[in-house]
Every structure is written in C-alpha cells, then in structure tokens.
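Structure below is protein01.tsv: TSV, N, CA and C atoms.
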chain	number	residue	atom	x	y	z
Z	1	MET	N	118.03	131.07	220.57
Z	1	MET	CA	117.85	130.04	219.56
Z	1	MET	C	117.76	128.69	220.24
Z	2	SER	N	116.99	127.80	219.67
Z	2	SER	CA	116.83	126.46	220.21
Z	2	SER	C	118.14	125.70	220.09
Z	3	ASN	N	118.30	124.72	220.95
Z	3	ASN	CA	119.47	123.86	220.88
Z	3	ASN	C	119.31	122.93	219.69
Z	4	THR	N	120.17	123.02	218.71
Z	4	THR	CA	120.05	122.21	217.50
Z	4	THR	C	121.33	121.45	217.25
Z	5	GLY	N	121.29	120.58	216.28
Z	5	GLY	CA	122.46	119.83	215.87
Z	5	GLY	C	123.31	120.58	214.88
Z	6	MET	N	122.98	121.84	214.60
Z	6	MET	CA	123.76	122.67	213.66
Z	6	MET	C	124.05	124.01	214.32
Z	7	THR	N	125.14	124.60	213.89
Z	7	THR	CA	125.46	125.95	214.36
Z	7	THR	C	124.59	126.96	213.62
Z	8	HIS	N	124.55	128.18	214.13
Z	8	HIS	CA	123.80	129.25	213.46
Z	8	HIS	C	124.32	129.44	212.04
Z	9	GLU	N	125.61	129.40	211.87
Z	9	GLU	CA	126.20	129.59	210.54
Z	9	GLU	C	125.76	128.48	209.59
Z	10	GLU	N	125.72	127.24	210.07
Z	10	GLU	CA	125.27	126.13	209.22
Z	10	GLU	C	123.80	126.30	208.85
Z	11	LEU	N	122.97	126.70	209.81
Z	11	LEU	CA	121.56	126.91	209.53
Z	11	LEU	C	121.36	128.02	208.50
Z	12	MET	N	122.13	129.09	208.60
Z	12	MET	CA	122.01	130.21	207.66
Z	12	MET	C	122.50	129.83	206.26
Z	13	ALA	N	123.40	128.87	206.17
Z	13	ALA	CA	123.98	128.48	204.88
Z	13	ALA	C	123.16	127.40	204.16
Z	14	LEU	N	122.08	126.94	204.75
Z	14	LEU	CA	121.28	125.90	204.10
Z	14	LEU	C	120.69	126.41	202.79
Z	15	PRO	N	120.56	125.54	201.80
Z	15	PRO	CA	119.90	125.94	200.55
Z	15	PRO	C	118.41	126.13	200.78
Z	16	VAL	N	117.69	126.60	199.79
Z	16	VAL	CA	116.26	126.88	199.91
Z	16	VAL	C	115.49	125.62	200.31
Z	17	THR	N	115.80	124.49	199.72
Z	17	THR	CA	115.25	123.20	200.14
Z	17	THR	C	116.39	122.21	200.28
Z	18	PHE	N	116.18	121.22	201.13
Z	18	PHE	CA	117.23	120.24	201.39
Z	18	PHE	C	116.58	118.94	201.85
Z	19	PRO	N	117.34	117.83	201.79
Z	19	PRO	CA	116.78	116.52	202.12
Z	19	PRO	C	116.40	116.38	203.60
Z	20	LEU	N	115.53	115.43	203.85
Z	20	LEU	CA	115.08	115.14	205.21
Z	20	LEU	C	116.26	114.84	206.14
Z	21	GLU	N	117.28	114.18	205.65
Z	21	GLU	CA	118.44	113.84	206.48
Z	21	GLU	C	119.08	115.10	207.08
Z	22	THR	N	119.14	116.16	206.28
Z	22	THR	CA	119.72	117.42	206.76
Z	22	THR	C	118.82	118.05	207.82
Z	23	ALA	N	117.52	118.01	207.59
Z	23	ALA	CA	116.58	118.54	208.58
Z	23	ALA	C	116.66	117.75	209.87
Z	24	ASN	N	116.80	116.43	209.76
Z	24	ASN	CA	116.94	115.61	210.96
Z	24	ASN	C	118.14	116.06	211.78
Z	25	ARG	N	119.24	116.33	211.12
Z	25	ARG	CA	120.44	116.80	211.82
Z	25	ARG	C	120.18	118.14	212.50
Z	26	ALA	N	119.55	119.06	211.78
Z	26	ALA	CA	119.28	120.39	212.33
Z	26	ALA	C	118.37	120.30	213.55
Z	27	LEU	N	117.46	119.34	213.55
Z	27	LEU	CA	116.50	119.17	214.64
Z	27	LEU	C	116.98	118.18	215.70
Z	28	SER	N	118.21	117.70	215.55
Z	28	SER	CA	118.79	116.71	216.48
Z	28	SER	C	117.93	115.45	216.56
Z	29	LEU	N	117.44	115.02	215.40
Z	29	LEU	CA	116.67	113.79	215.31
Z	29	LEU	C	117.51	112.71	214.66
Z	30	GLY	N	117.43	111.51	215.16
Z	30	GLY	CA	118.09	110.38	214.52
Z	30	GLY	C	117.38	110.02	213.23
Z	31	ARG	N	118.05	109.28	212.38
Z	31	ARG	CA	117.50	108.90	211.08
Z	31	ARG	C	116.18	108.16	211.23
Z	32	THR	N	116.15	107.14	212.08
Z	32	THR	CA	114.94	106.33	212.26
Z	32	THR	C	113.80	107.17	212.80
Z	33	THR	N	114.06	107.98	213.80
Z	33	THR	CA	113.02	108.84	214.38
Z	33	THR	C	112.48	109.82	213.35
Z	34	GLY	N	113.38	110.48	212.62
Z	34	GLY	CA	112.96	111.45	211.61
Z	34	GLY	C	112.08	110.84	210.55
Z	35	TYR	N	112.49	109.68	210.03
Z	35	TYR	CA	111.69	109.04	208.99
Z	35	TYR	C	110.37	108.51	209.55
Z	36	SER	N	110.37	108.05	210.79
Z	36	SER	CA	109.14	107.58	211.42
Z	36	SER	C	108.13	108.72	211.57
Z	37	LEU	N	108.61	109.88	212.03
Z	37	LEU	CA	107.74	111.05	212.17
Z	37	LEU	C	107.18	111.47	210.81
Z	38	ALA	N	108.05	111.46	209.79
Z	38	ALA	CA	107.61	111.85	208.44
Z	38	ALA	C	106.55	110.88	207.92
Z	39	LYS	N	106.78	109.59	208.10
Z	39	LYS	CA	105.85	108.58	207.60
Z	39	LYS	C	104.48	108.70	208.29
Z	40	ARG	N	104.49	109.04	209.58
Z	40	ARG	CA	103.23	109.18	210.33
Z	40	ARG	C	102.57	110.53	210.12
Z	41	GLY	N	103.25	111.45	209.40
Z	41	GLY	CA	102.67	112.77	209.13
Z	41	GLY	C	102.75	113.72	210.30
Z	42	VAL	N	103.70	113.50	211.21
Z	42	VAL	CA	103.83	114.36	212.39
Z	42	VAL	C	105.23	114.98	212.50
Z	43	TYR	N	105.91	115.14	211.38
Z	43	TYR	CA	107.23	115.77	211.39
Z	43	TYR	C	107.06	117.21	211.88
Z	44	PRO	N	108.02	117.75	212.64
Z	44	PRO	CA	107.87	119.09	213.23
Z	44	PRO	C	107.69	120.24	212.24
Z	45	VAL	N	108.15	120.07	211.01
Z	45	VAL	CA	107.99	121.12	209.99
Z	45	VAL	C	107.32	120.50	208.76
Z	46	PRO	N	106.66	121.33	207.93
Z	46	PRO	CA	106.03	120.78	206.73
Z	46	PRO	C	107.04	120.11	205.81
Z	47	LEU	N	106.64	119.00	205.22
Z	47	LEU	CA	107.49	118.27	204.28
Z	47	LEU	C	106.96	118.45	202.87
Z	48	LEU	N	107.88	118.56	201.94
Z	48	LEU	CA	107.53	118.71	200.53
Z	48	LEU	C	108.00	117.47	199.79
Z	49	PRO	N	107.25	117.01	198.78
Z	49	PRO	CA	107.72	115.86	198.02
Z	49	PRO	C	108.93	116.27	197.17
Z	50	GLY	N	109.93	115.42	197.17
Z	50	GLY	CA	111.12	115.67	196.36
Z	50	GLY	C	111.34	114.52	195.39
Z	51	ARG	N	112.35	114.62	194.59
Z	51	ARG	CA	112.65	113.57	193.61
Z	51	ARG	C	112.97	112.24	194.28
Z	52	ARG	N	113.69	112.32	195.39
Z	52	ARG	CA	114.11	111.10	196.09
Z	52	ARG	C	113.61	111.07	197.52
Z	53	GLY	N	112.39	111.42	197.73
Z	53	GLY	CA	111.84	111.43	199.09
Z	53	GLY	C	111.44	112.83	199.50
Z	54	TYR	N	111.36	113.05	200.79
Z	54	TYR	CA	110.93	114.33	201.31
Z	54	TYR	C	112.04	115.37	201.28
Z	55	VAL	N	111.63	116.63	201.12
Z	55	VAL	CA	112.54	117.75	201.30
Z	55	VAL	C	111.88	118.75	202.25
Z	56	VAL	N	112.71	119.58	202.84
Z	56	VAL	CA	112.26	120.58	203.81
Z	56	VAL	C	112.70	121.95	203.31
Z	57	SER	N	111.88	122.96	203.55
Z	57	SER	CA	112.26	124.31	203.14
Z	57	SER	C	113.02	125.00	204.28
Z	58	ARG	N	114.00	125.76	203.90
Z	58	ARG	CA	114.78	126.54	204.87
Z	58	ARG	C	113.86	127.47	205.65
Z	59	TYR	N	112.90	128.09	204.98
Z	59	TYR	CA	111.98	129.01	205.62
Z	59	TYR	C	111.26	128.33	206.79
Z	60	HIS	N	110.68	127.15	206.55
Z	60	HIS	CA	109.92	126.45	207.59
Z	60	HIS	C	110.83	125.99	208.73
Z	61	LEU	N	112.02	125.52	208.41
Z	61	LEU	CA	112.94	125.09	209.47
Z	61	LEU	C	113.35	126.28	210.33
Z	62	HIS	N	113.73	127.38	209.69
Z	62	HIS	CA	114.13	128.57	210.45
Z	62	HIS	C	112.97	129.07	211.31
Z	63	GLN	N	111.77	129.08	210.75
Z	63	GLN	CA	110.59	129.53	211.49
Z	63	GLN	C	110.37	128.65	212.72
Z	64	TYR	N	110.44	127.34	212.55
Z	64	TYR	CA	110.22	126.40	213.65
Z	64	TYR	C	111.27	126.59	214.75
Z	65	LEU	N	112.53	126.78	214.35
Z	65	LEU	CA	113.62	126.92	215.32
Z	65	LEU	C	113.73	128.34	215.87
Z	66	GLY	N	113.03	129.28	215.28
Z	66	GLY	CA	113.14	130.67	215.72
Z	66	GLY	C	114.47	131.30	215.32
Z	67	VAL	N	115.04	130.83	214.23
Z	67	VAL	CA	116.33	131.33	213.74
Z	67	VAL	C	116.12	132.61	212.94
Z	68	GLN	N	116.92	133.60	213.23
Z	68	GLN	CA	116.89	134.85	212.47
Z	68	GLN	C	118.30	135.20	212.06
Z	69	ALA	N	118.40	135.83	210.90
Z	69	ALA	CA	119.70	136.31	210.46
Z	69	ALA	C	120.14	137.42	211.39
Z	70	GLU	N	121.38	137.41	211.74
Z	70	GLU	CA	121.90	138.48	212.59
Z	70	GLU	C	122.11	139.72	211.73
Z	71	ARG	N	121.75	140.86	212.29
Z	71	ARG	CA	121.96	142.13	211.56
Z	71	ARG	C	123.45	142.47	211.59
Z	72	PRO	N	123.95	142.98	210.48
Z	72	PRO	CA	125.35	143.44	210.49
Z	72	PRO	C	125.51	144.55	211.52
Z	73	LYS	N	126.66	144.60	212.13
Z	73	LYS	CA	126.94	145.63	213.13
Z	73	LYS	C	126.83	147.02	212.49
Z	74	GLY	N	126.22	147.93	213.21
Z	74	GLY	CA	126.08	149.29	212.73
Z	74	GLY	C	124.83	149.54	211.92
Z	75	VAL	N	124.03	148.49	211.67
Z	75	VAL	CA	122.79	148.66	210.91
Z	75	VAL	C	121.64	148.82	211.89
Z	76	ALA	N	120.88	149.88	211.75
Z	76	ALA	CA	119.75	150.14	212.65
Z	76	ALA	C	118.63	149.14	212.40
Z	77	ALA	N	117.85	148.89	213.44
Z	77	ALA	CA	116.72	147.97	213.34
Z	77	ALA	C	115.57	148.58	212.58
Now that the file is in, can you turn its structure into structure tokens?
Amino acid sequence: MSNTGMTHEELMALPVTFPLETANRALSLGRTTGYSLAKRGVYPVPLLPGRRGYVVSRYHLHQYLGVQAERPKGVAA
C-alpha cells in the first residue's frame, strides 16, 4: 500500500463519498496544495461536485492508492 496520511483501517472506514479535506489527508496533501490541484483540474483522483464544494468517492481513492480490503483469515481466494 502507498504511504498515506491514514491507516488502512481509516481508509476502509471512509464513507462512500467524503469532503476534499478528508481526501487531502488520505493523500498526505496540505489544504492549500489540495485545493490548488482541484482548482487547476489536476487532482490525483476524480472530483465530484458536492453541496459545499468538491467530494471524492471512496472507490476512486482506494483505486488510486491501491487499497484492497483484507480477506478474513481462513477464507480462500
């Protein structure tokens, strides 16, 4: 897994969509950098319009970071 500002457990517990501030934390981006990337249209993951600004989908963040749910022990692949 990539080095992120969140633990695997925190990444797995994210809601389906969440604010840009949360995505910035997960991507280890500062507030100014994250908003600058979003404004220029070069944010690392797709952004969705939200009620109060941009939101990010858990699916896209996990895909970008290469995060996968761990299989429970004893469950075959």
For this session: Would you list the residues near (115.4, 112.8, 198.3) (no more than 10 Å away, in the coordinates of the file, using only C-alpha atoms) as a VMD selection string?
Result: chain Z and resid 18 to 21 49 to 55
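For the pair atom N of Ser28 of chain Z and atom C of Leu61 of chain Z, the separation is 11.2 Å.
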For this session: as a VMD selection string, please: all residues of chain Z that backbone DSSP puts in alpha helix (DSSP H).
Result: chain Z and resid 8 to 12 20 to 26 31 to 40 58 to 65
Problem set entry | Interatomic distance (Å, one decimal) between atom N of Gly41 of chain Z and atom N of Thr17 of chain Z |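 Computing it gives 20.5 Å between the two atoms.
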For this session: Kindly give the distance, in Å, that separates atom CA of Thr33 of chain Z and atom CA of Glu9 of chain Z, rounded to a single decimal.
Result: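 So the two atoms, atom CA of Thr33 of chain Z and atom CA of Glu9 of chain Z, lie 24.9 Å apart.
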Problem set entry | Sel. of strand (DSSP E) residues, segment 2-76 of chain Z, as number ranges by chain | Z: 17-19, 48-50, 53-57
Exercise on segment 28-40 of chain Z, axis-aligned box with 4 Å per side, report centre and edge lengths in Å to one decimal, as lines of an AutoDock Vina configuration file:
center_x = 110.7
center_y = 112.0
center_z = 212.1
size_x = 24.2
size_y = 19.4
size_z = 17.0
For this session: For a cut-off of 7 Å around (120.9, 131.6, 208.8), file coordinates, pick out all residues using all atoms listed in the file and list them as a PyMOL selection string.
Result: chain Z and resi 8-14+67-70
Problem set entry | Closest of Z:Val56, Z:Met6, Z:Leu48, Z:Leu65 to Arg25 of chain Z - atom-to-atom distances counting only C-alpha atoms |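 Closest to Arg25 of chain Z, using only C-alpha atoms: Z:Met6.
Using only C-alpha atoms, the smallest distance between any of Z:Thr22, Z:Thr32, Z:Gln63, Z:Ser57 and Gly5 of chain Z comes from Z:Thr22.
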